[in-house]
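Printed here is structure39.cif (mmCIF, C-alpha atoms and all ligand atoms):
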```
data_work
#
loop_
_atom_site.group_PDB
_atom_site.id
_atom_site.type_symbol
_atom_site.label_atom_id
_atom_site.label_comp_id
_atom_site.auth_asym_id
_atom_site.auth_seq_id
_atom_site.Cartn_x
_atom_site.Cartn_y
_atom_site.Cartn_z
ATOM 1 C CA MET H 1 3.278 22.326 -2.883
ATOM 2 C CA LEU H 2 1.016 19.353 -3.570
ATOM 3 C CA LEU H 3 0.573 18.270 0.056
ATOM 4 C CA GLU H 4 1.128 21.539 1.915
ATOM 5 C CA ASP H 5 -0.074 21.278 5.545
ATOM 6 C CA LYS H 6 -1.436 17.738 5.102
ATOM 7 C CA LYS H 7 -1.104 15.425 8.067
ATOM 8 C CA LEU H 8 -0.577 11.898 6.766
ATOM 9 C CA LEU H 9 -0.226 8.436 8.287
ATOM 10 C CA ILE H 10 2.076 6.190 6.258
ATOM 11 C CA THR H 11 1.988 2.478 7.083
ATOM 12 C CA GLY H 12 4.223 -0.155 5.516
ATOM 13 C CA ILE H 13 7.699 1.378 5.764
ATOM 14 C CA LEU H 14 10.196 -1.397 6.396
ATOM 15 C CA THR H 15 13.343 -0.461 4.454
ATOM 16 C CA ASP H 16 14.167 2.470 2.224
ATOM 17 C CA ASP H 17 13.167 0.217 -0.691
ATOM 18 C CA SER H 18 9.591 0.046 0.650
ATOM 19 C CA ILE H 19 7.064 1.736 -1.632
ATOM 20 C CA ALA H 20 5.736 3.481 1.494
ATOM 21 C CA TRP H 21 9.192 4.957 2.259
ATOM 22 C CA HIS H 22 9.252 6.620 -1.168
ATOM 23 C CA ALA H 23 5.673 7.836 -0.736
ATOM 24 C CA ALA H 24 6.669 9.368 2.628
ATOM 25 C CA ARG H 25 9.759 10.989 1.086
ATOM 26 C CA ILE H 26 7.817 12.619 -1.752
ATOM 27 C CA ALA H 27 4.957 13.575 0.604
ATOM 28 C CA GLN H 28 7.442 15.406 2.844
ATOM 29 C CA GLU H 29 9.105 17.071 -0.156
ATOM 30 C CA GLU H 30 5.586 18.239 -1.110
ATOM 31 C CA GLY H 31 4.909 19.791 2.297
ATOM 32 C CA ALA H 32 3.191 17.020 4.276
ATOM 33 C CA GLU H 33 3.749 16.149 7.912
ATOM 34 C CA VAL H 34 4.119 12.383 8.240
ATOM 35 C CA VAL H 35 3.839 9.764 10.983
ATOM 36 C CA ALA H 36 4.921 6.235 10.071
ATOM 37 C CA THR H 37 4.001 2.864 11.520
ATOM 38 C CA GLY H 38 6.202 -0.190 12.035
ATOM 39 C CA PHE H 39 5.276 -3.797 12.622
ATOM 40 C CA GLY H 40 6.570 -6.526 14.935
ATOM 41 C CA ARG H 41 10.205 -7.530 14.512
ATOM 42 C CA GLY H 42 10.521 -4.997 11.675
ATOM 43 C CA LEU H 43 9.821 -2.062 14.006
ATOM 44 C CA ARG H 44 13.518 -1.303 14.676
ATOM 45 C CA LEU H 45 14.236 -1.427 10.947
ATOM 46 C CA THR H 46 11.396 1.046 10.311
ATOM 47 C CA GLU H 47 12.844 3.347 12.993
ATOM 48 C CA ARG H 48 16.221 3.255 11.221
ATOM 49 C CA SER H 49 14.662 3.713 7.748
ATOM 50 C CA VAL H 50 12.732 6.871 8.688
ATOM 51 C CA GLN H 51 16.037 8.476 9.742
ATOM 52 C CA ARG H 52 16.861 8.586 6.019
ATOM 53 C CA LEU H 53 13.692 10.541 5.140
ATOM 54 C CA PRO H 54 14.103 14.281 4.422
ATOM 55 C CA ASN H 55 12.430 14.911 7.840
ATOM 56 C CA PRO H 56 12.933 11.893 10.142
ATOM 57 C CA CYS H 57 9.466 11.248 11.581
ATOM 58 C CA SER H 58 7.868 9.430 14.501
ATOM 59 C CA VAL H 59 7.185 5.712 14.210
ATOM 60 C CA LEU H 60 4.214 4.169 16.004
ATOM 61 C CA GLU H 61 3.893 0.425 16.466
ATOM 62 C CA LEU H 62 1.049 -1.119 14.478
ATOM 63 C CA ASP H 63 0.040 -4.710 13.946
ATOM 64 C CA ILE H 64 -3.117 -4.026 11.959
ATOM 65 C CA ASN H 65 -4.624 -7.289 13.279
ATOM 66 C CA ASP H 66 -4.179 -6.232 16.932
ATOM 67 C CA PRO H 67 -7.135 -4.072 18.117
ATOM 68 C CA ASP H 68 -5.121 -2.733 21.118
ATOM 69 C CA GLN H 69 -2.359 -1.439 18.850
ATOM 70 C CA VAL H 70 -4.927 0.086 16.485
ATOM 71 C CA ALA H 71 -6.568 1.862 19.452
ATOM 72 C CA ALA H 72 -3.179 3.083 20.743
ATOM 73 C CA LEU H 73 -2.342 4.462 17.282
ATOM 74 C CA VAL H 74 -5.612 6.400 17.128
ATOM 75 C CA ALA H 75 -5.088 7.730 20.681
ATOM 76 C CA ASP H 76 -1.608 8.942 19.766
ATOM 77 C CA LEU H 77 -2.776 10.640 16.555
ATOM 78 C CA THR H 78 -5.694 12.253 18.410
ATOM 79 C CA ASP H 79 -3.305 13.764 21.003
ATOM 80 C CA ARG H 80 -0.706 14.675 18.408
ATOM 81 C CA TRP H 81 -2.814 16.185 15.613
ATOM 82 C CA GLY H 82 -6.516 15.901 16.499
ATOM 83 C CA ARG H 83 -7.203 15.315 12.804
ATOM 84 C CA ILE H 84 -5.770 13.462 9.850
ATOM 85 C CA ASP H 85 -5.949 14.328 6.142
ATOM 86 C CA GLY H 86 -4.966 11.012 4.655
ATOM 87 C CA ALA H 87 -3.324 7.644 5.034
ATOM 88 C CA LEU H 88 -1.429 5.112 2.972
ATOM 89 C CA HIS H 89 -2.255 1.460 3.555
ATOM 90 C CA ALA H 90 0.852 -0.438 2.369
ATOM 91 C CA ILE H 91 0.310 -3.646 4.300
ATOM 92 C CA ALA H 92 0.351 -7.181 2.934
ATOM 93 C CA PHE H 93 1.332 -10.617 4.157
ATOM 94 C CA ALA H 94 0.700 -14.209 3.112
ATOM 95 C CA PRO H 95 2.165 -17.296 4.809
ATOM 96 C CA GLU H 96 4.675 -19.315 2.765
ATOM 97 C CA ASP H 97 2.192 -22.095 2.076
ATOM 98 C CA ALA H 98 -0.220 -19.586 0.493
ATOM 99 C CA LEU H 99 2.360 -18.605 -2.175
ATOM 100 C CA GLY H 100 4.689 -20.199 -4.685
ATOM 101 C CA GLY H 101 2.423 -22.548 -6.641
ATOM 102 C CA ASN H 102 0.903 -24.312 -3.642
ATOM 103 C CA PHE H 103 -2.577 -23.010 -4.479
ATOM 104 C CA LEU H 104 -4.383 -26.365 -4.438
ATOM 105 C CA ASN H 105 -2.920 -27.380 -1.070
ATOM 106 C CA THR H 106 -3.055 -24.103 0.878
ATOM 107 C CA PRO H 107 -4.817 -24.640 4.209
ATOM 108 C CA PRO H 108 -7.808 -22.355 4.907
ATOM 109 C CA GLU H 109 -6.053 -20.654 7.861
ATOM 110 C CA SER H 110 -3.225 -19.476 5.585
ATOM 111 C CA ALA H 111 -5.628 -18.120 2.952
ATOM 112 C CA GLN H 112 -7.542 -16.422 5.765
ATOM 113 C CA THR H 113 -4.350 -14.817 7.130
ATOM 114 C CA ALA H 114 -3.550 -13.465 3.652
ATOM 115 C CA PHE H 115 -7.075 -12.019 3.396
ATOM 116 C CA MET H 116 -7.147 -10.525 6.904
ATOM 117 C CA THR H 117 -3.737 -8.837 6.715
ATOM 118 C CA SER H 118 -3.788 -7.803 3.064
ATOM 119 C CA ALA H 119 -7.458 -6.900 2.349
ATOM 120 C CA PHE H 120 -9.690 -6.703 5.443
ATOM 121 C CA SER H 121 -7.013 -4.539 7.089
ATOM 122 C CA TYR H 122 -7.842 -1.647 4.722
ATOM 123 C CA LYS H 123 -11.292 -1.579 6.328
ATOM 124 C CA THR H 124 -9.729 -1.822 9.809
ATOM 125 C CA LEU H 125 -7.493 1.180 9.135
ATOM 126 C CA ALA H 126 -10.278 3.199 7.509
ATOM 127 C CA VAL H 127 -12.730 2.692 10.373
ATOM 128 C CA ALA H 128 -10.064 3.473 12.986
ATOM 129 C CA LEU H 129 -9.108 6.742 11.273
ATOM 130 C CA LEU H 130 -12.681 7.834 10.469
ATOM 131 C CA PRO H 131 -13.169 10.149 13.512
ATOM 132 C CA LEU H 132 -9.814 11.830 12.786
ATOM 133 C CA MET H 133 -10.714 12.274 9.120
ATOM 134 C CA ASP H 134 -14.152 13.588 10.081
ATOM 135 C CA ALA H 135 -12.322 16.119 12.266
ATOM 136 C CA ALA H 136 -10.409 17.200 9.145
ATOM 137 C CA GLY H 137 -13.671 17.518 7.184
ATOM 138 C CA GLY H 138 -12.740 14.580 4.917
ATOM 139 C CA GLY H 139 -9.593 13.262 3.314
ATOM 140 C CA ALA H 140 -8.097 10.476 1.246
ATOM 141 C CA LEU H 141 -7.080 6.856 1.704
ATOM 142 C CA VAL H 142 -4.799 4.976 -0.677
ATOM 143 C CA THR H 143 -3.851 1.309 -0.744
ATOM 144 C CA LEU H 144 -1.419 -0.682 -2.888
ATOM 145 C CA ASP H 145 -2.667 -3.309 -5.268
ATOM 146 C CA PHE H 146 -1.009 -5.775 -7.610
ATOM 147 C CA ASP H 147 -3.366 -6.410 -10.506
ATOM 148 C CA ASN H 148 -5.009 -9.816 -10.156
ATOM 149 C CA SER H 149 -7.544 -9.723 -12.966
ATOM 150 C CA GLN H 150 -5.617 -12.696 -14.385
ATOM 151 C CA ALA H 151 -3.914 -15.571 -12.565
ATOM 152 C CA TRP H 152 -0.140 -15.257 -12.064
ATOM 153 C CA PRO H 153 2.498 -17.884 -11.435
ATOM 154 C CA ALA H 154 3.301 -18.137 -7.686
ATOM 155 C CA TYR H 155 1.090 -15.242 -6.499
ATOM 156 C CA ASP H 156 -1.672 -17.634 -5.431
ATOM 157 C CA TRP H 157 -3.693 -16.607 -2.354
ATOM 158 C CA MET H 158 -2.001 -13.207 -2.207
ATOM 159 C CA GLY H 159 -3.543 -12.657 -5.633
ATOM 160 C CA VAL H 160 -6.945 -13.646 -4.303
ATOM 161 C CA ALA H 161 -6.415 -11.240 -1.387
ATOM 162 C CA LYS H 162 -5.530 -8.433 -3.845
ATOM 163 C CA SER H 163 -8.776 -9.050 -5.765
ATOM 164 C CA ALA H 164 -10.566 -8.746 -2.416
ATOM 165 C CA LEU H 165 -8.620 -5.544 -1.665
ATOM 166 C CA GLN H 166 -9.912 -3.973 -4.898
ATOM 167 C CA SER H 167 -13.421 -4.837 -3.818
ATOM 168 C CA VAL H 168 -12.826 -3.493 -0.281
ATOM 169 C CA THR H 169 -11.669 -0.240 -1.950
ATOM 170 C CA ARG H 170 -15.005 0.100 -3.750
ATOM 171 C CA TYR H 171 -17.141 -0.638 -0.652
ATOM 172 C CA LEU H 172 -15.104 1.769 1.473
ATOM 173 C CA ALA H 173 -15.555 4.401 -1.242
ATOM 174 C CA ARG H 174 -19.318 3.805 -1.055
ATOM 175 C CA ASP H 175 -19.513 4.152 2.727
ATOM 176 C CA LEU H 176 -16.940 6.899 3.276
ATOM 177 C CA GLY H 177 -17.887 9.129 0.334
ATOM 178 C CA PRO H 178 -20.625 10.829 2.381
ATOM 179 C CA HIS H 179 -17.867 11.754 4.894
ATOM 180 C CA GLY H 180 -15.921 13.478 2.121
ATOM 181 C CA ILE H 181 -13.340 10.687 2.154
ATOM 182 C CA ARG H 182 -11.946 9.387 -1.141
ATOM 183 C CA VAL H 183 -10.787 5.764 -1.179
ATOM 184 C CA ASN H 184 -8.505 4.521 -3.952
ATOM 185 C CA ALA H 185 -5.900 1.927 -4.846
ATOM 186 C CA VAL H 186 -2.699 2.199 -6.850
ATOM 187 C CA SER H 187 -1.970 -0.945 -8.833
ATOM 188 C CA ALA H 188 1.801 -1.018 -9.115
ATOM 189 C CA GLY H 189 4.079 -2.914 -11.458
ATOM 190 C CA PRO H 190 6.674 -5.174 -9.803
ATOM 191 C CA LEU H 191 9.164 -3.355 -7.566
ATOM 192 C CA SER H 192 12.136 -4.826 -5.783
ATOM 193 C CA THR H 193 11.129 -4.757 -2.084
ATOM 194 C CA VAL H 194 11.269 -7.181 0.864
ATOM 195 C CA ALA H 195 7.636 -8.225 0.235
ATOM 196 C CA ALA H 196 8.309 -8.822 -3.462
ATOM 197 C CA LYS H 197 11.439 -10.866 -2.785
ATOM 198 C CA SER H 198 9.449 -13.140 -0.470
ATOM 199 C CA ILE H 199 7.331 -14.271 -3.442
ATOM 200 C CA PRO H 200 9.066 -17.199 -5.148
ATOM 201 C CA GLY H 201 9.719 -16.470 -8.840
ATOM 202 C CA PHE H 202 8.955 -12.747 -8.578
ATOM 203 C CA ASP H 203 11.855 -11.950 -10.983
ATOM 204 C CA ALA H 204 9.793 -13.538 -13.769
ATOM 205 C CA PHE H 205 7.282 -10.678 -13.371
ATOM 206 C CA ASP H 206 10.041 -8.125 -13.869
ATOM 207 C CA ARG H 207 11.179 -9.870 -17.064
ATOM 208 C CA VAL H 208 7.706 -10.005 -18.647
ATOM 209 C CA TRP H 209 7.018 -6.374 -17.614
ATOM 210 C CA LYS H 210 10.131 -5.180 -19.445
ATOM 211 C CA VAL H 211 8.932 -6.656 -22.757
ATOM 212 C CA ARG H 212 5.162 -6.084 -22.456
ATOM 213 C CA ALA H 213 4.790 -2.651 -20.831
ATOM 214 C CA PRO H 214 4.663 -0.091 -23.678
ATOM 215 C CA LEU H 215 6.425 2.494 -21.499
ATOM 216 C CA SER H 216 8.868 -0.231 -20.349
ATOM 217 C CA TRP H 217 9.410 -0.737 -16.635
ATOM 218 C CA ASP H 218 12.203 -0.278 -14.121
ATOM 219 C CA GLY H 219 11.543 -2.482 -11.086
ATOM 220 C CA THR H 220 14.169 -0.571 -9.098
ATOM 221 C CA ASN H 221 12.395 2.796 -9.457
ATOM 222 C CA PRO H 222 9.415 3.230 -7.106
ATOM 223 C CA ASP H 223 9.092 6.977 -7.862
ATOM 224 C CA PRO H 224 6.201 6.759 -10.387
ATOM 225 C CA VAL H 225 4.141 4.704 -7.918
ATOM 226 C CA ALA H 226 5.017 6.963 -4.977
ATOM 227 C CA ARG H 227 4.105 10.070 -6.974
ATOM 228 C CA MET H 228 0.668 8.683 -7.880
ATOM 229 C CA ILE H 229 0.070 7.841 -4.201
ATOM 230 C CA CYS H 230 0.823 11.487 -3.368
ATOM 231 C CA VAL H 231 -1.489 12.757 -6.122
ATOM 232 C CA LEU H 232 -4.358 10.635 -4.779
ATOM 233 C CA LEU H 233 -3.645 11.873 -1.235
ATOM 234 C CA SER H 234 -3.718 15.463 -2.461
ATOM 235 C CA ASP H 235 -6.513 17.861 -3.403
ATOM 236 C CA TRP H 236 -5.697 17.300 -7.088
ATOM 237 C CA ALA H 237 -7.954 14.212 -7.376
ATOM 238 C CA PRO H 238 -11.059 15.640 -5.678
ATOM 239 C CA MET H 239 -13.663 13.558 -7.552
ATOM 240 C CA THR H 240 -11.782 10.266 -7.821
ATOM 241 C CA SER H 241 -12.895 7.466 -5.524
ATOM 242 C CA GLY H 242 -13.367 3.686 -5.668
ATOM 243 C CA GLU H 243 -10.688 3.703 -8.367
ATOM 244 C CA VAL H 244 -7.772 1.391 -9.081
ATOM 245 C CA VAL H 245 -5.131 3.520 -10.810
ATOM 246 C CA HIS H 246 -2.536 1.463 -12.648
ATOM 247 C CA VAL H 247 1.050 2.637 -12.425
ATOM 248 C CA ASP H 248 2.580 -0.217 -14.368
ATOM 249 C CA GLY H 249 3.985 1.281 -17.569
ATOM 250 C CA GLY H 250 0.709 0.393 -19.355
ATOM 251 C CA PHE H 251 1.222 -3.370 -18.859
ATOM 252 C CA HIS H 252 -2.370 -4.090 -17.814
ATOM 253 C CA ALA H 253 -3.779 -2.784 -21.098
ATOM 254 C CA MET H 254 -1.640 -5.016 -23.347
ATOM 255 C CA ALA H 255 -2.525 -8.571 -24.399
ATOM 256 C CA THR H 256 1.082 -9.140 -25.369
ATOM 257 C CA GLY H 257 4.228 -7.082 -25.910
ATOM 258 C CA VAL H 258 5.654 -6.133 -29.294
ATOM 259 C CA GLY H 259 8.847 -7.914 -28.273
ATOM 260 C CA GLU H 260 6.893 -11.077 -27.458
ATOM 261 C CA THR H 261 5.352 -11.623 -30.898
HETATM 262 N N1 LIG C 1 6.723 -4.630 -4.497
HETATM 263 C C1 LIG C 1 5.846 -4.840 -5.480
HETATM 264 O O1 LIG C 1 6.173 -5.298 -6.580
HETATM 265 C C2 LIG C 1 4.406 -4.491 -5.262
HETATM 266 C C3 LIG C 1 3.564 -4.366 -6.374
HETATM 267 C C4 LIG C 1 2.228 -4.045 -6.170
HETATM 268 C C5 LIG C 1 1.753 -3.885 -4.881
HETATM 269 N N2 LIG C 1 2.610 -4.028 -3.811
HETATM 270 C C6 LIG C 1 2.060 -3.847 -2.463
HETATM 271 O O2 LIG C 1 2.683 -2.743 -1.847
HETATM 272 C C7 LIG C 1 2.496 -2.863 -0.435
HETATM 273 C C8 LIG C 1 3.804 -2.549 0.261
HETATM 274 O O3 LIG C 1 4.736 -3.571 -0.041
HETATM 275 P P1 LIG C 1 6.249 -3.322 -0.478
HETATM 276 O O4 LIG C 1 6.419 -4.000 -1.795
HETATM 277 O O5 LIG C 1 6.622 -1.900 -0.331
HETATM 278 O O6 LIG C 1 7.048 -4.241 0.546
HETATM 279 P P2 LIG C 1 7.534 -4.040 2.077
HETATM 280 O O7 LIG C 1 7.965 -5.393 2.508
HETATM 281 O O8 LIG C 1 8.516 -2.959 2.132
HETATM 282 O O9 LIG C 1 6.194 -3.610 2.842
HETATM 283 C C9 LIG C 1 5.241 -4.504 3.341
HETATM 284 C C10 LIG C 1 4.824 -3.939 4.678
HETATM 285 O O10 LIG C 1 3.714 -4.654 5.259
HETATM 286 C C11 LIG C 1 3.867 -4.535 6.655
HETATM 287 N N3 LIG C 1 3.031 -5.496 7.374
HETATM 288 C C12 LIG C 1 2.946 -6.828 7.182
HETATM 289 N N4 LIG C 1 2.091 -7.367 8.085
HETATM 290 C C13 LIG C 1 1.622 -6.334 8.851
HETATM 291 C C14 LIG C 1 0.698 -6.229 9.933
HETATM 292 N N5 LIG C 1 0.091 -7.311 10.446
HETATM 293 N N6 LIG C 1 0.435 -5.007 10.466
HETATM 294 C C15 LIG C 1 1.043 -3.899 9.962
HETATM 295 N N7 LIG C 1 1.938 -3.937 8.948
HETATM 296 C C16 LIG C 1 2.225 -5.131 8.396
HETATM 297 C C17 LIG C 1 5.354 -4.800 6.851
HETATM 298 O O11 LIG C 1 5.781 -4.358 8.121
HETATM 299 C C18 LIG C 1 5.961 -3.992 5.703
HETATM 300 O O12 LIG C 1 6.276 -2.696 6.147
HETATM 301 C C19 LIG C 1 1.943 -4.276 -0.204
HETATM 302 O O13 LIG C 1 0.554 -4.211 -0.077
HETATM 303 C C20 LIG C 1 2.314 -4.971 -1.502
HETATM 304 O O14 LIG C 1 1.477 -6.094 -1.774
HETATM 305 C C21 LIG C 1 3.908 -4.317 -3.981
#
```
Write out the structure in this file as structure tokens.
Amino acid sequence: MLLEDKKLLITGILTDDSIAWHAARIAQEEGAEVVATGFGRGLRLTERSVQRLPNPCSVLELDINDPDQVAALVADLTDRWGRIDGALHAIAFAPEDALGGNFLNTPPESAQTAFMTSAFSYKTLAVALLPLMDAAGGGALVTLDFDNSQAWPAYDWMGVAKSALQSVTRYLARDLGPHGIRVNAVSAGPLSTVAAKSIPGFDAFDRVWKVRAPLSWDGTNPDPVARMICVLLSDWAPMTSGEVVHVDGGFHAMATGVGET
């Protein structure tokens, strides 16, 4: 099995639509032991969602911006496992006034919140887990990106935060490579989740994906994205780091779709 005996931390499970939920499901089917994290008022929902995994797992509380909760998470994982082989960072948030076409009027605090929670937090998680990954002799970190090499309608400061997240991925790869830790991002096409629905006009992305992506795209099927996350967490990508792997039906490589011309 792809992830036999791997001990993995999966952040970002809210509902069973969450990309992280599907990554956890496939990771368990492939032999991994998983601990999930839940955040704030969503914690109870996370606890209910993990009951629907093949092996209902523990949920630890984690606000990635709260150093006490980060320390408590590490203490728990140290007692529980004493090592960790990999983690999924599936965390993003931008305040309402940082999204939806309000780009020119977004206050700096809101842009900063989007950056801290959606990009800087990958560094926070990586540094916190470093001793546990050192104890495992190395490992793999994966985050979730939405390609922002071009400007989108509505995505605004979340898009800027995603560009920063790609850059954070490369710097983490530089600094954690000598520890035997691979650091990558999966750039996913649009998927119907709570986070996606909170972005005004997100359905427009789904429509353009369907006509432009050469492999087409089903925004209700997170499996291809979840599978790539599991590959990058496994030993089957041993020399891949600092990479942004697109799982978007080929959309990013097309200037326009055949159906659009
Ligand atoms: N859905 C898409 O179309 C899509 C596409 C590309 C990338 N992504 C990215 O995938 C990741 C997961 O999102 P999703 O679409 O599965 O939606 P989701 O709403 O299911 O997950 C977002 C998660 O972020 C967590 N979170 C927010 N603030 C947090 C904090 N301060 N501390 C800890 N956790 C916090 C939430 O609890 C939630 O579990 C995000 O980074 C998102 O930007 C989503």
| message | ligand LIG 1 (chain C): which residues are within 6 Å, counting all atoms listed in the file? Reply as an MDAnalysis selection string. | response | chainID H and resid 12:15 18:20 38:39 42 62:65 90:93 117 144:146 187:196
Selection result for the PyMOL selection byres (((chain H and resi 156-172) around 7) and not hetatm) on this file, as an mmCIF file with C-alpha atoms, in the frame of the given file:
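Written out: result_9.cif:
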```cif
data_model
loop_
_atom_site.group_PDB
_atom_site.id
_atom_site.type_symbol
_atom_site.label_atom_id
_atom_site.label_comp_id
_atom_site.auth_asym_id
_atom_site.auth_seq_id
_atom_site.Cartn_x
_atom_site.Cartn_y
_atom_site.Cartn_z
ATOM 1 C CA ALA H 94 0.700 -14.209 3.112
ATOM 2 C CA ALA H 98 -0.220 -19.586 0.493
ATOM 3 C CA LEU H 99 2.360 -18.605 -2.175
ATOM 4 C CA GLY H 100 4.689 -20.199 -4.685
ATOM 5 C CA GLY H 101 2.423 -22.548 -6.641
ATOM 6 C CA PHE H 103 -2.577 -23.010 -4.479
ATOM 7 C CA ALA H 111 -5.628 -18.120 2.952
ATOM 8 C CA ALA H 114 -3.550 -13.465 3.652
ATOM 9 C CA PHE H 115 -7.075 -12.019 3.396
ATOM 10 C CA SER H 118 -3.788 -7.803 3.064
ATOM 11 C CA ALA H 119 -7.458 -6.900 2.349
ATOM 12 C CA ASP H 145 -2.667 -3.309 -5.268
ATOM 13 C CA PHE H 146 -1.009 -5.775 -7.610
ATOM 14 C CA ASN H 148 -5.009 -9.816 -10.156
ATOM 15 C CA ALA H 154 3.301 -18.137 -7.686
ATOM 16 C CA TYR H 155 1.090 -15.242 -6.499
ATOM 17 C CA ALA H 173 -15.555 4.401 -1.242
ATOM 18 C CA ARG H 174 -19.318 3.805 -1.055
ATOM 19 C CA ASP H 175 -19.513 4.152 2.727
ATOM 20 C CA LEU H 176 -16.940 6.899 3.276
ATOM 21 C CA VAL H 183 -10.787 5.764 -1.179
ATOM 22 C CA ASN H 184 -8.505 4.521 -3.952
ATOM 23 C CA ALA H 185 -5.900 1.927 -4.846
ATOM 24 C CA GLY H 242 -13.367 3.686 -5.668
#
```
Handout entry: His89 in chain H environment, 9 Å, only C-alpha atoms, sequence neighbours closer than 2 positions dropped, as an NGL selection string
Key = :H and (9-12 or 20 or 87 or 91 or 121-122 or 125 or 141-144)
Of H:Thr46, H:Glu243, H:Arg227, H:Glu61, the one nearest to Gln28 in chain H when counting only C-alpha atoms is H:Arg227
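One distance worth recording is that between CA of Met1 in chain H and CA of His246 in chain H, which is 23.8 Å.
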- Message: Can you tell me which residues surround range 230-233 of chain H at a distance of at most 9 Å, considering only C-alpha atoms, apart from same-chain residues fewer than 5 positions away, and format the answer as a list in words?
- Response: Leu2, Leu3, Lys6, Leu8, Ala23, Ala24, Ile26, Ala27, Glu30, Asp85, Gly86, Ala87, Leu88, Gly139, Ala140, Leu141, Val142, Arg182, Val183, Asn184, Ala185, Val186, Val225, Pro238 and Thr240 of chain H
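For the residues H:Met239, H:Val208, H:Phe251, H:Ser234, ranking by smallest atom-to-atom distance to Asp5 in chain H using only C-alpha atoms places H:Ser234 first.
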If you count all atoms listed in the file, the residue of H:Thr256, H:Asn55, H:Thr124, H:Thr261 closest to Arg25 in chain H turns out to be H:Asn55
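The residue that comes closest to Lys197 in chain H, out of H:Gly219, H:Pro178, H:Val258, H:Ala75 and on the basis of all atoms listed in the file, is H:Gly219.
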CA of Thr113 in chain H to CA of Ile181 in chain H measures 27.5 Å
From the list H:Pro54, H:Pro153, H:Gly259, H:Gly137, the nearest residue to Phe202 in chain H using all atoms listed in the file is H:Pro153
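Residue selection for this entry, given the PyMOL selection byres (((chain H and resi 82) around 10) and not hetatm), comprises Val74, Ala75, Asp76, Leu77, Thr78, Asp79, Arg80, Trp81, Arg83, Ile84, Pro131, Leu132, Met133, Ala135 and Ala136 of chain H.
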CA of Pro222 in chain H sits from CA of Ile199 in chain H at a separation of 18.0 Å
Residue list as a count of residues only for point (4.0, 3.4, -24.6), cut-off 10 Å, only C-alpha atoms: 8
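With all atoms listed in the file as the basis for measurement, H:Leu129 is the residue among H:Ala253, H:Ala151, H:Leu129, H:Ala32 that approaches Ala72 in chain H most closely.
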So that I can check the surroundings of Pro56 in chain H, please list as a PyMOL selection string every protein, DNA and RNA residue that reaches within 12 Å of it, counting only C-alpha atoms and ignoring chain neighbours fewer than 5 positions away.
chain H and resi 21+24-25+28+33-36+46-51
Find the axis-aligned box for range 241-255 of chain H, covering all its listed atoms and adding 3 Å on each side, and write its centre and edge lengths in Å to one decimal as JSON.
```
{"center_x": -4.7, "center_y": -0.6, "center_z": -15.0, "size_x": 23.4, "size_y": 22.0, "size_z": 24.9}
```
